[in-house]
Each structure stands twice: as C-alpha cells, then as structure tokens.
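K.L.:
Below: one structure in structure tokens.
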Number of protein chains: 2
Amino acid sequence: MPVTTIEWLDKQVRIIDQTKLPHELVYLSLSEVDAVAEAIRSLRIRGAPAIGIAAAFGMALVAQNSKSATREAFFAHLESAAETLRKTRPTAVNLSWALNRMRQVVAEHCDQDIATIKKRLMEEAQSIYHEDQKICREIGAHGAALIPQAANVITHCNTGALATADFGTALGVLFAAHDQGKKLHVYVDETRPLLQGARLNMWELMQEGIPCTLICDSAAGFVMQRRKIDCCLVGADRIARNGDTANKIGTYSLAVNAKHHRLPFYVVAPVSSIDFKITGGVQIPIEERSPEEVRTALGHRLAPENSPAFNPAFDVTPHELITAIVTEAGIIYPPFEQALAALEK
Amino acid sequence: MPVTTIEWLDKQVRIIDQTKLPHELVYLSLSEVDAVAEAIRSLRIRGAPAIGIAAAFGMALVAQNSKSATREAFFAHLESAAETLRKTRPTAVNLSWALNRMRQVVAEHCDQDIATIKKRLMEEAQSIYHEDQKICREIGAHGAALIPQAANVITHCNTGALATADFGTALGVLFAAHDQGKKLHVYVDETRPLLQGARLNMWELMQEGIPCTLICDSAAGFVMQRRKIDCCLVGADRIARNGDTANKIGTYSLAVNAKHHRLPFYVVAPVSSIDFKITGGVQIPIEERSPEEVRTALGHRLAPENSPAFNPAFDVTPHELITAIVTEAGIIYPPFEQALAALEK
C-alpha cells in the first residue's frame, strides 16, 4: 500500500509535510485555505497531480467553512480562494485544471442552495482524488509494458506516492513493473536544489524494496556512458499540445544526455497535465524560486552569503527528445500533436 | 593578487584548508608527509596542479626531516613516502608526474651526499611550484584569446587560484580575460557532491569582482537553451594521448549539453595533466569516493540513512566533444593526437 500523501480527514485536509522527509514523517491537518496555499507554495505537498488534489480539497474546505449568508457572498468567497490557490505555483497545469473543475461545479449549480453546492464541491474534490488513484494504476499498467524484464532505469525528481493520490506516475510505472516480478535497479537523480530524488524517491523505493542507487544529477551522463541503462522515466508539470514538456529543473539536461546515448526517454503523466490551450513549451511559465534554495541544501549554507544564484524550478524538454508519453489513456508516440489532441475533452 | 593556496613556509607546507571554505579561511601548516597525504585525500588541498605541488613539497618535507644515516635508508624513506602520496588519489596524473620529477632528482644524484640530495629535492619542489605560477599565466594569455569581448561562460568545478600555485587554469583564463577589460558573466555549476563551484569558484569570482551566478549542475542545459552562452571552460585531471579528458564528475554531462547546443567546449590544463602513457580515456582510473559524500552536503544528511549511492569523483569526456585544449604551449585543436604528441618531452 502506498503511503497516504493527502486525504480528507475529520473535515480537514491531511497531508504529509514532505519538507520534513526523510528525517521525519510528519502529518499536518490543514483547516484553512491559506494553510493549504502555504503548504503548496513551500512544497510541503508537491507533485503536479497532488497539488491539483490539494487545490480541490482547499476549495472544498473553503466551501465547508464558509459562513456567507448569501449566494453572492459565498461565490465571491470561493472565487477569492481559487485565486489564492492558483497563484501558489505557476508551472504545473494540474492546479488550474482542478480549480476549473471546482469552478465548473459552482457554475452548474449556481441556482441551487448553498448547502447543495457545498455538498457537490466536496463530491467533486473527492472525485478528483479517487480518479487520480485510478489514473495512477492505469498509467502504471500501460507504462510497465515499456520496462524490460530486467532493467536499469534513471529517474529525476519524485513522481511516486508522494506526488499523487496513489503510487505515482513515473515511479508508479516502476512499482507496477516491480509488482509484475520484473527485476529493476533504479538510478535516482538527487534532484537539486530541493532534493526530491534523494529525500523522497530513495525513501519510497527503499520502503518497497526496489534496488536503487542515489547519484548526483551531474553523474547521470557518466552512468549512461559506463553502465547498461535501459531508459529514463520522468514526470511532467505541464505538457503542451506538441508534446513539449515542463518538468523539474534538470529534466532537460537528462533528456539531452539520453538522446546522446540513444536511450528511450519516457514522460509519464495524467491527461490533466496536458495544457490544450498552448501549442508549445515556450508558452509555459517557468517558476523561479528563491536563490537561497541554490545557496543552501536543506537550509545549510553551501555558497558565500549573497552569492547571486539562478533558480528555475522547471525546464522544458522539447518533444523531439521524448520517446513516448505515457498517460492513463495509453502510450503516445510521436508525432505527438494529433494523438494528444485526441485526448482533449 | 591571487590567494596563496599552497607554499613552503618555515620548513613546513602551508595550505588553505579548502574544506572550510567559504565559511572560514583557515591555513594549515603540515610538518609530516602523512599530514600532506591526509590533506590531499580529504580534499583540504585539491585541483590537479595543486596536488602535484603538494606531493612535491611532501617529498621535500620527508627529505628535510629524514634522520636516515645511510643513503640506502634515506632512499627507502623517500620511496615509501612517494608511495604514500601516490596512493592518495588515483585520477589526476599531476600527482605521479610531480612524484616522478622528484624521484628523477634522486636518481640523478644518487651518488651525492644526503645533504646535497636534500637541497636538490627542495629546489625541485620549488621549481615545480614556480613553473606552475608561470604556466598559469601562459595558459591565461593563450586562453583569453578565445573569450569574446563580452561573454557569458559556464564553468564546472574549481580551476582557479585554489587549484594551482597562481590564478588557475580554466578560471585563470577568465581572470586573464577580465584583466584585459573583457566583460564577463560566469555561470558557476555548483559541482555536487563536494560543491567546489558553490564554495570555491563563487568565493574567488566574487573576490575578483567578476559577475557570476551560481546554478545547480542540472540547470546548465536550461541556461544553454534559454540564455546566450558563448562557451564552457573546464579543467582536467588527466588527458589521454587522443584528447579524452578526465575531469570532475559532471564535466561529461556538461560537454554533451554543450554539443547539443553547438557551444564551444574548452579544456584548460597544463601539459603536466597529459598522460602520454595512455592512448584513450578508458584507461584512466576513475576514483570512487565514499557514498556518504552523495548522501550528504557539507556533512548534513540529505537522503535516508544507508541509502545506496554511487560516487564517481570524475568522468571522462571523449575528445569528440572537446573544441580545443588550452595549455601553456598554446591552443590545441582536433585532431588532438598529433598535436598532443608534439608536447611529449
């Protein structure tokens, strides 16, 4: 059973505070939307699918707690909360995708009484949550077919249970392959600056008993050159219509190295990570986070104080470097444009 | 004036303890060869040219302190010290190059009295030291010609004053270009796991007032993709006859990314870093250091305890990815084999 990263419990949003992992497993119960927004902003909860779910639960929380006497005040309250949540992180499209689903519920029930709308918002958040569980399993089943019977793979950033409502996307594919009895060995990029690979992937893989080896991000090229690697698996924060994919900083360098070594490079993500409104990666906003994250590691200073630093949280891998995109709807091969368009609802 | 990384002072080897930078500037005076060996092994002093100098001074120290009554005992004492020093680190060829020069002195003066041999060993160590100062300046002068009047460059690992007896190799080229009035901006790879970029390059560049920006190693590809970069400059720990170059782990990934973006990739090193005994990079021994260096950053734990980790300290960049090799003898372009062979003495 994968760890429960996020759930609705006792009228609150309960999450694992991932900034504390792997040192401590701490649960937080969030009872205000501002606390949910802060948790997303500071990466207590992260991973594109999980922040979509957190945003949906955040909206359910606002609805549940609202004391607004009129529908107009209630709607204004919801709209303001949606705006707060939307602004927490700009790159992962799942956030606005989930918020749009919640808003759609409001729009479709705007003539109902407040109690009914509250109930429907809670149901929608739970739907998003339970759909993600199902999606993880479907992605896992599709993706596992790409993994050889005995495989060495490289991953970047965390895409496991801690990034979703179930066992993950890219890491979920590996969990599914492992469950099928395939012999895996995972090289885990540490994923500077916030070390989601070192902290979270190693924690998840070791708990599942899957052989894994931590490497510095810059060692991935050498590992490809000297050891037999079968493929790379990464997640996605936003996929454009042409297949260009924004994912954690370092994904692009890894993809360039995979290309140089003629290794398959798989992007693994739910359809909700596809942004059908944009045609290419250049339109994806790239979050720049505090330089302090680069000057430090888990709060410990590495560089001279006040060192200028550039801290893009994501990069964009052009579709030419992507071998296939694995979704709950199946495996999509190039040319991506038409196949991705077919998934638009 | 560059900082004095290593020098012979008061009959001891005085070094900066680089493991303490950038937090503290601590000097150590080493009076025993075992202390010199420990300092090399634990990277208190590092950088291929600097560890060559440290080894030579280490031998001078042994000679100076030797109480051996017979030449045979004195030679055995020296030979044992050379073996201790040689075994500290396997990849940089400058270490055995410097030890061989010291041994050659012994061989050429084996019929002289011990006092004379001691004096000659001290002179030889000082020659290696002063030659490196001259070599740095010659390399800087040659290399600066490759740098545009206004340039954005990317560097990996420390190759400055802290790696040599003067202002460095790859970083020395930038110091020379800066002295010529060229407008530079240096993107500094942090260089995990031991963070020589974050700790040492940023410290040196900020002291010299050269604009610099620290980045995570994995962000270099994104920087190449989105910002105007003119070239990459790296050092070398060992260069094979065909130009294949061992350098700090991550150099190869950077070179692959430079190739993908059609950026010049320059290796900057003294002739003493060329190993004329080997024909290709596959023959270069790659030091594997403790997994603990990957599980931690400056001693602070990042990953779950006992996480398996792979920690190659170096990688090998094939000559095909190298645009030119800058040495004190000038700039060498492909095909490297013949031009490098011409440098063999």
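Here's how to read the names in the structure tokens: chain A, B, ... by the order shown, residue numbers from 1 in each chain, ligand numbers from 1 in the order shown.
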For region 111-141 of chain B against region 65-70 of chain B, with a cut-off of 12 Å and counting only C-alpha atoms, what is the closest atom pair and its distance in Å to one decimal for every residue that makes the cut, ordered by chain and number, as CSV?
P.N.:
residue,atom,partner,partner_atom,distance
B:Asp111,CA,B:Thr70,CA,11.8
B:Gln112,CA,B:Thr70,CA,11.7
B:Asp113,CA,B:Thr70,CA,9.4
B:Ile114,CA,B:Thr70,CA,8.1
B:Ala115,CA,B:Ser66,CA,10.4
B:Ile117,CA,B:Ser66,CA,11.6
B:Lys118,CA,B:Ser66,CA,9.1
B:Met122,CA,B:Asn65,CA,11.7
K.L.:
Please find the residues of chain B near chain A - the criterion being any atom within 9 Å, counting only C-alpha atoms - and write them as a PyMOL selection string.
P.N.:
chain B and resi 21-23+187-188+190-193+195+197-200+202-203+206+211-222+249-254+256-257+260+291+294-295+297-298+300-305+307-312+314-316
K.L.:
Give me a file of those residues, with C-alpha atoms, as a tab-separated table (two decimals), in the first residue's frame.
P.N.:
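Produced file selection_0.tsv, reproduced below:
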chain	number	residue	atom	x	y	z
B	21	LEU	CA	35.68	27.47	2.59
B	22	PRO	CA	33.68	29.62	2.07
B	23	HIS	CA	32.72	29.74	5.75
B	187	TYR	CA	27.51	30.74	-14.68
B	188	VAL	CA	29.01	28.59	-11.96
B	190	GLU	CA	27.71	24.19	-8.00
B	191	THR	CA	29.54	20.88	-8.64
B	192	ARG	CA	27.95	18.28	-6.41
B	193	PRO	CA	28.79	16.41	-4.31
B	195	LEU	CA	30.43	21.79	-4.16
B	197	GLY	CA	31.77	25.52	-7.66
B	198	ALA	CA	29.44	26.87	-4.98
B	199	ARG	CA	32.11	27.06	-2.29
B	200	LEU	CA	35.31	27.91	-4.14
B	202	MET	CA	31.92	31.80	-6.16
B	203	TRP	CA	34.39	32.84	-3.44
B	206	MET	CA	33.23	37.46	-6.05
B	211	PRO	CA	29.85	38.96	-12.24
B	212	CYS	CA	28.85	35.39	-11.51
B	213	THR	CA	25.69	33.38	-10.97
B	214	LEU	CA	25.51	30.11	-9.12
B	215	ILE	CA	23.36	27.37	-10.68
B	216	CYS	CA	22.56	23.77	-9.85
B	217	ASP	CA	24.57	21.44	-12.10
B	218	SER	CA	21.39	20.16	-13.72
B	219	ALA	CA	20.33	23.69	-14.73
B	220	ALA	CA	23.25	24.14	-17.15
B	221	GLY	CA	21.27	22.68	-20.07
B	222	PHE	CA	18.37	25.05	-19.44
B	249	ILE	CA	32.09	14.35	-12.30
B	250	GLY	CA	29.53	16.29	-14.31
B	251	THR	CA	32.00	17.55	-16.91
B	252	TYR	CA	30.83	14.89	-19.36
B	253	SER	CA	27.11	15.77	-18.94
B	254	LEU	CA	28.03	19.41	-19.47
B	256	VAL	CA	27.10	16.54	-24.02
B	257	ASN	CA	24.83	19.53	-23.43
B	260	HIS	CA	23.69	19.65	-28.29
B	291	PRO	CA	28.75	7.17	-0.88
B	294	VAL	CA	26.39	11.90	-2.07
B	295	ARG	CA	24.08	11.19	0.86
B	297	ALA	CA	26.05	18.07	1.64
B	298	LEU	CA	28.86	19.51	3.76
B	300	HIS	CA	24.38	17.39	6.52
B	301	ARG	CA	22.32	14.31	5.69
B	302	LEU	CA	20.05	14.60	2.63
B	303	ALA	CA	18.93	11.03	1.93
B	304	PRO	CA	17.70	8.18	4.10
B	305	GLU	CA	20.47	6.63	6.15
B	307	SER	CA	20.86	4.81	1.00
B	308	PRO	CA	23.00	3.05	-1.59
B	309	ALA	CA	24.86	5.70	-3.58
B	310	PHE	CA	27.36	5.77	-6.42
B	311	ASN	CA	30.04	8.43	-6.13
B	312	PRO	CA	32.48	8.58	-9.05
B	314	PHE	CA	35.45	12.06	-12.12
B	315	ASP	CA	34.13	11.23	-15.56
B	316	VAL	CA	35.72	11.05	-18.98
K.L.:
Out of region 62-269 of chain A, which residues get strand (DSSP E) from DSSP, as a ChimeraX atom specification?
P.N.:
/A:150-155,183-189,212-215,231-234,238-239,245-248,265-268
K.L.:
Go through region 193-308 of chain B and collect every residue that DSSP, computed from the backbone, puts in helix (DSSP H, G or I); the answer should be as a PyMOL selection string.
P.N.:
chain B and resi 196-208+217-226+251-260+271-273+281-283+292-295
K.L.:
Considering only C-alpha atoms, can you say which of A:Leu121, A:Ile147, A:Ala39, A:Ile332 comes closest to His178 (chain A)?
P.N.:
A:Ile147
K.L.:
Report as a ChimeraX atom specification all protein, DNA and RNA residues lying within 7 Å of Tyr27 (chain A), evaluated on only C-alpha atoms, omitting residues in the same chain fewer than 4 positions from it.
P.N.:
/A:14-17
K.L.:
May I have the residues within 8 Å of Ile53 (chain B) as a PyMOL selection string, using only C-alpha atoms and disregarding those fewer than 5 positions away in the same chain?
P.N.:
chain B and resi 95+98+125+128-129+165
K.L.:
Could you please take those selected residues and save N, CA and C atoms as a JSON list (two decimals), in the first residue's frame?
P.N.:
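Saved file again-v6.json follows:
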[["chain", "number", "residue", "atom", "x", "y", "z"],
["B", 95, "LEU", "N", 49.86, 14.22, -9.93],
["B", 95, "LEU", "CA", 50.41, 13.67, -8.69],
["B", 95, "LEU", "C", 51.61, 12.79, -9.02],
["B", 98, "ALA", "N", 54.52, 14.78, -10.69],
["B", 98, "ALA", "CA", 55.37, 15.52, -9.75],
["B", 98, "ALA", "C", 56.27, 14.56, -8.96],
["B", 125, "ALA", "N", 61.14, 20.90, -5.86],
["B", 125, "ALA", "CA", 59.78, 21.20, -5.43],
["B", 125, "ALA", "C", 59.46, 22.68, -5.68],
["B", 128, "ILE", "N", 58.85, 23.18, -9.38],
["B", 128, "ILE", "CA", 57.51, 22.75, -9.79],
["B", 128, "ILE", "C", 56.50, 23.83, -9.40],
["B", 129, "TYR", "N", 56.67, 24.38, -8.20],
["B", 129, "TYR", "CA", 55.80, 25.44, -7.71],
["B", 129, "TYR", "C", 55.87, 26.68, -8.59],
["B", 165, "ALA", "N", 49.10, 27.11, -8.20],
["B", 165, "ALA", "CA", 50.02, 27.99, -7.46],
["B", 165, "ALA", "C", 49.81, 29.44, -7.85]]
K.L.:
Just the residues within 10 Å of Glu204 (chain A), please, counting only C-alpha atoms, with nothing from its chain fewer than 6 positions along; format it as a list in words.
P.N.:
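Here the answer would be Pro2, Val3, Pro22, Asn158, Gly160, Ala161, Leu162, Phe167, Leu171, Phe175, Gly197 and Ile210 of chain A.
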K.L.:
Save the residues we just selected, C-alpha atoms, as a PDB file, in the first residue's frame?
P.N.:
ATOM      1  CA  PRO A   2       1.407   3.364  -0.939  1.00  0.00           C
ATOM      2  CA  VAL A   3       1.698   5.989   1.775  1.00  0.00           C
ATOM      3  CA  PRO A  22      13.242  11.585   5.028  1.00  0.00           C
ATOM      4  CA  ASN A 158       9.853  12.438  -7.192  1.00  0.00           C
ATOM      5  CA  GLY A 160       5.761   8.397  -6.675  1.00  0.00           C
ATOM      6  CA  ALA A 161       3.116   8.081  -3.993  1.00  0.00           C
ATOM      7  CA  LEU A 162       4.271  11.392  -2.555  1.00  0.00           C
ATOM      8  CA  PHE A 167       1.571   5.033  -6.228  1.00  0.00           C
ATOM      9  CA  LEU A 171       7.680   5.891 -10.199  1.00  0.00           C
ATOM     10  CA  PHE A 175       6.096  -0.015  -8.865  1.00  0.00           C
ATOM     11  CA  GLY A 197      15.169  12.368  -5.510  1.00  0.00           C
ATOM     12  CA  ILE A 210      13.301  -1.953  -5.047  1.00  0.00           C
TER      13      ILE A 210
END
